[in-house]
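So the structure is just underneath, and the comments pick up after that.
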Amino acid sequence: MNRQVILVSRPTGIAQAQNFQVVDRPLNPLAPGEIRIANRFLSVEPAMRGWIADANNYAEPVAIGAVMKSLAVGQIVESTDAGWPVGQIVTGWFGWQTFATVTAKAIVRRIDQTDLPASLALGVLGINGVTALLGLTLAGEPKRGDTVVVSTAAGSVGSAVGQIARILGCTTVGISGGPVKAAQCRDLFGYDHALDYKADGLGEALDAACPNGVNVYFDNTAGMISDTVYPRLAQGARVVVCGTAAIAQWDPWPSGPRVERHLLVKSARMQGFVVLNHFDLWDSAIETLTAWVREGKLHYAEDVTDGLESCLDALAGLYRGENLGKRIIRL
């Protein structure tokens, strides 16, 4: 039998535990070309909120009754594809379930290194790290000496963005929620300035940390935090829009302060970034990130919970800010 987490109702805003259900379904014999993977680690992503939304997202929503879409790390336990032998550790789009029966197109890559935890393929050496590296360098185009501001700076993407910016010679300013996460930004992830948006005076703190303005803003939130950053953009600034976590829902579409004038008078640029558009650069990005982890230049934190049932409230907990590091479900 295969235990699966399926979507049973379409959420309004952030999905809650009642939008999911754990079910048991029989495993069928493999068809030609199929591979069976025993999942070991399941990923929890802020982007999952969009993957189950009705509209206004970059991908088709997960269907009602379907297994929740997710990246995972697992081991091949059966295979009818000679290119993917039994015993191989792999990561790919395997979903929230104990076993995944897939074809090779669902596998993102093999995991052959034994000196690093396999779970890193879901975080700093996976979609989060690749998003950070490619989003910052392709869309943000940081230059040595730039000031780079990052929202959700203690998160799995934001924490990597800040460290990569420092590796590239930039001054880094991380914005996170609460003193514990601010301390994590400063002490583990090495931000030059760690700001707490829940404290009073975010604007004044940004002015002190960015006396010459913000050259690159890596935006994971939208909302109030971004509204505070935009007036402080420097001439020629680049804004990377990677997430909109602060917006509760997009139907109806919210209104708010206008950013266009800031972009116009400062000759600034705002660009959306979706890492799924850049699979051609995935392997080279992983090589770069892996080298930095081994060299001690790139640090990470994992927030691990156990058991498939942990999936039910995992996304809601992520948006409540409960996690300290990349949220992972261990099976």
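Identifiers in this document derive from the order of the structure tokens: chains are assigned A, B, ..., residues are numbered from 1 separately in each chain, and ligands are numbered from 1 in order of occurrence.
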Write out as JSON lines the residues of stretch 241-327 of chain A that have any atom within 9 Å of an atom of stretch 209-233 of chain A, one row each with the nearest atom pair and its distance in Å to one decimal, counting only C-alpha atoms, sorted by chain and then rising number.
{"residue": "A:Val241", "atom": "CA", "partner": "A:Asp219", "partner_atom": "CA", "distance": 5.0}
{"residue": "A:Cys242", "atom": "CA", "partner": "A:Asn220", "partner_atom": "CA", "distance": 5.1}
{"residue": "A:Gly243", "atom": "CA", "partner": "A:Asn220", "partner_atom": "CA", "distance": 4.0}
{"residue": "A:Thr244", "atom": "CA", "partner": "A:Thr221", "partner_atom": "CA", "distance": 4.2}
{"residue": "A:Ala245", "atom": "CA", "partner": "A:Thr221", "partner_atom": "CA", "distance": 4.4}
{"residue": "A:Ala246", "atom": "CA", "partner": "A:Thr221", "partner_atom": "CA", "distance": 4.9}
{"residue": "A:Ile247", "atom": "CA", "partner": "A:Gly223", "partner_atom": "CA", "distance": 6.3}
{"residue": "A:Gly256", "atom": "CA", "partner": "A:Gly223", "partner_atom": "CA", "distance": 8.2}
{"residue": "A:Pro257", "atom": "CA", "partner": "A:Asp227", "partner_atom": "CA", "distance": 6.9}
{"residue": "A:Arg258", "atom": "CA", "partner": "A:Asp227", "partner_atom": "CA", "distance": 8.7}
{"residue": "A:Val259", "atom": "CA", "partner": "A:Tyr230", "partner_atom": "CA", "distance": 6.9}
{"residue": "A:His262", "atom": "CA", "partner": "A:Pro231", "partner_atom": "CA", "distance": 6.5}
{"residue": "A:Leu263", "atom": "CA", "partner": "A:Leu233", "partner_atom": "CA", "distance": 8.4}
{"residue": "A:Lys266", "atom": "CA", "partner": "A:Leu233", "partner_atom": "CA", "distance": 7.4}
{"residue": "A:Ala268", "atom": "CA", "partner": "A:Leu233", "partner_atom": "CA", "distance": 7.8}
Report the residues of stretch 126-275 of chain A whose backbone DSSP state falls under strand (DSSP E), written as a short mmCIF file (atom, residue, chain, number, x, y, z; two decimals) with all heavy atoms, in the first residue's frame.
data_model
loop_
_atom_site.label_atom_id
_atom_site.label_comp_id
_atom_site.auth_asym_id
_atom_site.auth_seq_id
_atom_site.Cartn_x
_atom_site.Cartn_y
_atom_site.Cartn_z
N THR A 147 24.54 47.28 -2.50
CA THR A 147 23.77 46.94 -1.30
C THR A 147 22.58 46.09 -1.74
O THR A 147 21.76 46.52 -2.56
CB THR A 147 23.28 48.20 -0.57
OG1 THR A 147 24.42 48.91 -0.09
CG2 THR A 147 22.39 47.82 0.61
N VAL A 148 22.49 44.89 -1.21
CA VAL A 148 21.44 43.93 -1.57
C VAL A 148 20.54 43.74 -0.35
O VAL A 148 21.01 43.35 0.72
CB VAL A 148 22.04 42.58 -2.00
CG1 VAL A 148 20.93 41.58 -2.31
CG2 VAL A 148 22.94 42.76 -3.22
N VAL A 149 19.25 44.00 -0.53
CA VAL A 149 18.25 43.82 0.52
C VAL A 149 17.41 42.60 0.18
O VAL A 149 16.99 42.43 -0.98
CB VAL A 149 17.37 45.07 0.68
CG1 VAL A 149 16.23 44.81 1.67
CG2 VAL A 149 18.21 46.26 1.13
N VAL A 150 17.16 41.75 1.18
CA VAL A 150 16.43 40.50 0.97
C VAL A 150 15.29 40.41 1.98
O VAL A 150 15.51 40.56 3.18
CB VAL A 150 17.36 39.27 1.14
CG1 VAL A 150 16.60 37.99 0.81
CG2 VAL A 150 18.60 39.42 0.27
N SER A 151 14.06 40.17 1.50
CA SER A 151 12.95 39.90 2.42
C SER A 151 12.83 38.39 2.64
O SER A 151 13.32 37.59 1.84
CB SER A 151 11.64 40.48 1.87
OG SER A 151 11.32 39.93 0.61
N THR A 171 27.23 44.31 0.11
CA THR A 171 26.74 44.53 1.46
C THR A 171 25.32 43.97 1.53
O THR A 171 24.51 44.24 0.64
CB THR A 171 26.73 46.02 1.80
OG1 THR A 171 28.07 46.51 1.78
CG2 THR A 171 26.13 46.27 3.19
N THR A 172 25.02 43.20 2.57
CA THR A 172 23.74 42.50 2.62
C THR A 172 22.90 42.98 3.79
O THR A 172 23.38 43.15 4.91
CB THR A 172 23.96 40.99 2.73
OG1 THR A 172 24.79 40.70 3.85
CG2 THR A 172 24.62 40.45 1.47
N VAL A 173 21.60 43.16 3.51
CA VAL A 173 20.63 43.60 4.50
C VAL A 173 19.47 42.60 4.47
O VAL A 173 18.78 42.49 3.45
CB VAL A 173 20.12 45.01 4.21
CG1 VAL A 173 19.12 45.46 5.29
CG2 VAL A 173 21.29 45.99 4.11
N GLY A 174 19.28 41.89 5.56
CA GLY A 174 18.23 40.88 5.62
C GLY A 174 17.06 41.36 6.46
O GLY A 174 17.25 41.90 7.55
N ILE A 175 15.84 41.16 5.94
CA ILE A 175 14.62 41.51 6.66
C ILE A 175 13.88 40.22 6.99
O ILE A 175 13.56 39.43 6.09
CB ILE A 175 13.71 42.43 5.82
CG1 ILE A 175 14.48 43.69 5.39
CG2 ILE A 175 12.46 42.80 6.60
CD1 ILE A 175 13.68 44.57 4.43
N SER A 176 13.63 40.00 8.28
CA SER A 176 12.91 38.81 8.71
C SER A 176 12.00 39.18 9.86
O SER A 176 12.00 40.32 10.32
CB SER A 176 13.90 37.71 9.13
OG SER A 176 14.72 38.16 10.18
N HIS A 193 23.58 43.40 8.00
CA HIS A 193 22.54 44.04 8.80
C HIS A 193 21.33 43.12 8.81
O HIS A 193 20.89 42.63 7.77
CB HIS A 193 22.14 45.40 8.21
CG HIS A 193 23.29 46.34 8.02
ND1 HIS A 193 23.77 47.16 9.02
CD2 HIS A 193 24.07 46.58 6.92
CE1 HIS A 193 24.78 47.86 8.56
NE2 HIS A 193 25.00 47.53 7.29
N ALA A 194 20.78 42.85 9.99
CA ALA A 194 19.61 41.99 10.14
C ALA A 194 18.48 42.80 10.77
O ALA A 194 18.59 43.21 11.93
CB ALA A 194 19.95 40.77 11.00
N LEU A 195 17.41 43.03 10.02
CA LEU A 195 16.32 43.89 10.45
C LEU A 195 15.07 43.06 10.74
O LEU A 195 14.78 42.09 10.03
CB LEU A 195 16.00 44.93 9.37
CG LEU A 195 17.19 45.72 8.80
CD1 LEU A 195 16.69 46.76 7.80
CD2 LEU A 195 18.02 46.35 9.90
N ASP A 196 14.35 43.44 11.77
CA ASP A 196 13.12 42.76 12.19
C ASP A 196 11.94 43.62 11.77
O ASP A 196 11.72 44.69 12.32
CB ASP A 196 13.14 42.56 13.70
CG ASP A 196 11.88 41.91 14.24
OD1 ASP A 196 11.01 41.52 13.45
OD2 ASP A 196 11.77 41.81 15.48
N VAL A 214 19.22 51.28 -2.06
CA VAL A 214 19.19 49.83 -2.30
C VAL A 214 19.47 49.58 -3.77
O VAL A 214 18.72 50.02 -4.64
CB VAL A 214 17.82 49.25 -1.91
CG1 VAL A 214 17.76 47.75 -2.22
CG2 VAL A 214 17.52 49.52 -0.44
N ASN A 215 20.55 48.87 -4.06
CA ASN A 215 20.89 48.56 -5.45
C ASN A 215 20.15 47.34 -5.98
O ASN A 215 19.73 47.31 -7.14
CB ASN A 215 22.39 48.32 -5.58
CG ASN A 215 23.21 49.50 -5.12
OD1 ASN A 215 23.89 49.41 -4.09
ND2 ASN A 215 23.15 50.62 -5.82
N VAL A 216 19.99 46.32 -5.13
CA VAL A 216 19.25 45.11 -5.51
C VAL A 216 18.29 44.77 -4.38
O VAL A 216 18.70 44.69 -3.21
CB VAL A 216 20.18 43.91 -5.77
CG1 VAL A 216 19.36 42.67 -6.16
CG2 VAL A 216 21.20 44.23 -6.85
N TYR A 217 17.02 44.60 -4.73
CA TYR A 217 16.04 44.14 -3.75
C TYR A 217 15.51 42.80 -4.21
O TYR A 217 14.89 42.69 -5.26
CB TYR A 217 14.89 45.14 -3.60
CG TYR A 217 13.78 44.67 -2.68
CD1 TYR A 217 14.05 44.00 -1.50
CD2 TYR A 217 12.44 44.91 -3.00
CE1 TYR A 217 13.04 43.56 -0.67
CE2 TYR A 217 11.42 44.48 -2.17
CZ TYR A 217 11.72 43.80 -1.01
OH TYR A 217 10.71 43.36 -0.19
N PHE A 218 15.79 41.75 -3.42
CA PHE A 218 15.28 40.41 -3.72
C PHE A 218 14.02 40.23 -2.88
O PHE A 218 14.08 40.03 -1.66
CB PHE A 218 16.32 39.35 -3.36
CG PHE A 218 16.09 38.02 -4.03
CD1 PHE A 218 16.82 37.65 -5.15
CD2 PHE A 218 15.15 37.13 -3.55
CE1 PHE A 218 16.62 36.43 -5.77
CE2 PHE A 218 14.93 35.91 -4.15
CZ PHE A 218 15.67 35.55 -5.28
N ASP A 219 12.88 40.28 -3.55
CA ASP A 219 11.59 40.38 -2.88
C ASP A 219 10.87 39.03 -2.86
O ASP A 219 10.49 38.50 -3.90
CB ASP A 219 10.73 41.42 -3.62
CG ASP A 219 9.38 41.64 -2.97
OD1 ASP A 219 9.18 41.17 -1.84
OD2 ASP A 219 8.53 42.30 -3.60
N LEU A 233 15.02 52.74 -3.16
CA LEU A 233 15.78 52.22 -4.29
C LEU A 233 16.78 53.26 -4.78
O LEU A 233 16.47 54.45 -4.85
CB LEU A 233 14.85 51.82 -5.43
CG LEU A 233 13.86 50.68 -5.18
CD1 LEU A 233 12.97 50.47 -6.40
CD2 LEU A 233 14.59 49.38 -4.81
N ALA A 234 17.97 52.80 -5.12
CA ALA A 234 19.00 53.68 -5.68
C ALA A 234 18.79 53.83 -7.18
O ALA A 234 18.01 53.09 -7.80
CB ALA A 234 20.38 53.10 -5.39
N GLN A 235 19.47 54.78 -7.78
CA GLN A 235 19.45 54.93 -9.23
C GLN A 235 19.93 53.63 -9.89
O GLN A 235 20.95 53.05 -9.50
CB GLN A 235 20.34 56.08 -9.66
CG GLN A 235 19.76 57.46 -9.40
CD GLN A 235 18.58 57.76 -10.31
OE1 GLN A 235 18.57 57.38 -11.49
NE2 GLN A 235 17.57 58.44 -9.77
N GLY A 236 19.17 53.15 -10.87
CA GLY A 236 19.53 51.94 -11.58
C GLY A 236 19.31 50.66 -10.80
O GLY A 236 19.87 49.61 -11.16
N ALA A 237 18.49 50.71 -9.76
CA ALA A 237 18.25 49.53 -8.93
C ALA A 237 17.56 48.42 -9.71
O ALA A 237 16.86 48.67 -10.71
CB ALA A 237 17.41 49.91 -7.71
N ARG A 238 17.76 47.18 -9.23
CA ARG A 238 17.09 46.02 -9.81
C ARG A 238 16.27 45.33 -8.72
O ARG A 238 16.79 45.05 -7.64
CB ARG A 238 18.09 45.01 -10.38
CG ARG A 238 18.77 45.45 -11.67
CD ARG A 238 19.93 46.41 -11.42
NE ARG A 238 21.04 45.75 -10.75
CZ ARG A 238 22.00 46.42 -10.09
NH1 ARG A 238 21.98 47.74 -10.00
NH2 ARG A 238 22.99 45.76 -9.52
N VAL A 239 15.00 45.09 -9.02
CA VAL A 239 14.11 44.41 -8.08
C VAL A 239 13.78 43.04 -8.66
O VAL A 239 13.29 42.93 -9.78
CB VAL A 239 12.80 45.21 -7.85
CG1 VAL A 239 11.86 44.43 -6.92
CG2 VAL A 239 13.11 46.59 -7.29
N VAL A 240 14.06 41.99 -7.88
CA VAL A 240 13.74 40.62 -8.27
C VAL A 240 12.50 40.19 -7.50
O VAL A 240 12.53 40.11 -6.27
CB VAL A 240 14.91 39.67 -7.96
CG1 VAL A 240 14.60 38.27 -8.48
CG2 VAL A 240 16.22 40.19 -8.54
N VAL A 241 11.41 39.95 -8.21
CA VAL A 241 10.17 39.50 -7.56
C VAL A 241 10.14 37.98 -7.62
O VAL A 241 9.90 37.39 -8.67
CB VAL A 241 8.93 40.11 -8.25
CG1 VAL A 241 7.66 39.63 -7.54
CG2 VAL A 241 9.01 41.63 -8.24
N ARG A 269 14.57 48.76 -12.42
CA ARG A 269 13.96 47.65 -13.15
C ARG A 269 13.38 46.65 -12.15
O ARG A 269 14.00 46.33 -11.14
CB ARG A 269 15.03 46.95 -14.00
CG ARG A 269 14.49 45.80 -14.85
CD ARG A 269 15.62 45.12 -15.59
NE ARG A 269 16.41 44.27 -14.71
CZ ARG A 269 17.72 44.09 -14.82
NH1 ARG A 269 18.39 44.74 -15.74
NH2 ARG A 269 18.36 43.28 -13.99
N MET A 270 12.19 46.15 -12.45
CA MET A 270 11.55 45.11 -11.66
C MET A 270 11.28 43.91 -12.56
O MET A 270 10.71 44.07 -13.65
CB MET A 270 10.24 45.62 -11.05
CG MET A 270 9.46 44.58 -10.27
SD MET A 270 7.89 45.23 -9.64
CE MET A 270 8.50 46.23 -8.28
N GLN A 271 11.69 42.73 -12.11
CA GLN A 271 11.55 41.53 -12.94
C GLN A 271 11.09 40.35 -12.11
O GLN A 271 11.64 40.08 -11.05
CB GLN A 271 12.89 41.19 -13.62
CG GLN A 271 12.84 39.95 -14.50
CD GLN A 271 14.17 39.69 -15.17
OE1 GLN A 271 15.02 40.58 -15.27
NE2 GLN A 271 14.37 38.46 -15.64
N GLY A 272 10.06 39.66 -12.58
CA GLY A 272 9.65 38.43 -11.93
C GLY A 272 10.60 37.30 -12.27
O GLY A 272 11.14 37.23 -13.38
#
Report the distance between atom CA of A:Tyr300 and atom CA of A:Ile14 in Å, rounded to one decimal place. 25.8 Å
Tell me, as a PyMOL selection string, which residues lie within 12 Å of stretch 35-40 of chain A, counting only C-alpha atoms; anything in the same chain fewer than 6 positions away does not count. chain A and resi 1-4+27-29+70-107+117-119+121-122+304+306-308+328-331
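You can rank A:Ala53, A:Ala154, A:Val161, A:Ile167 by their closest distance to A:Pro179 using only C-alpha atoms, and at the top of that list sits A:Ala154.
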I need the helix (DSSP H, G or I) residues of stretch 96-292 of chain A per DSSP on the backbone, written as number ranges by chain. A: 104-106, 118-122, 127-140, 158-167, 179-187, 202-209, 223-232, 260-265, 275-277, 279-292
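Distance check against A:Ala316 using only C-alpha atoms: of A:Ala165, A:Val265, A:Ala15, A:Leu7, the minimum falls on A:Ala15.
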Do you know which residues are at most 8 Å from A:Gly177 counting only C-alpha atoms, after dropping those on the same chain fewer than 6 positions away, and could you put them as a ChimeraX atom specification? /A:152,196-198,321
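Counting only C-alpha atoms, the residue from A:Gln21, A:Ser267, A:Ser156, A:Thr12 that sits nearest to A:Glu45 is A:Ser156.
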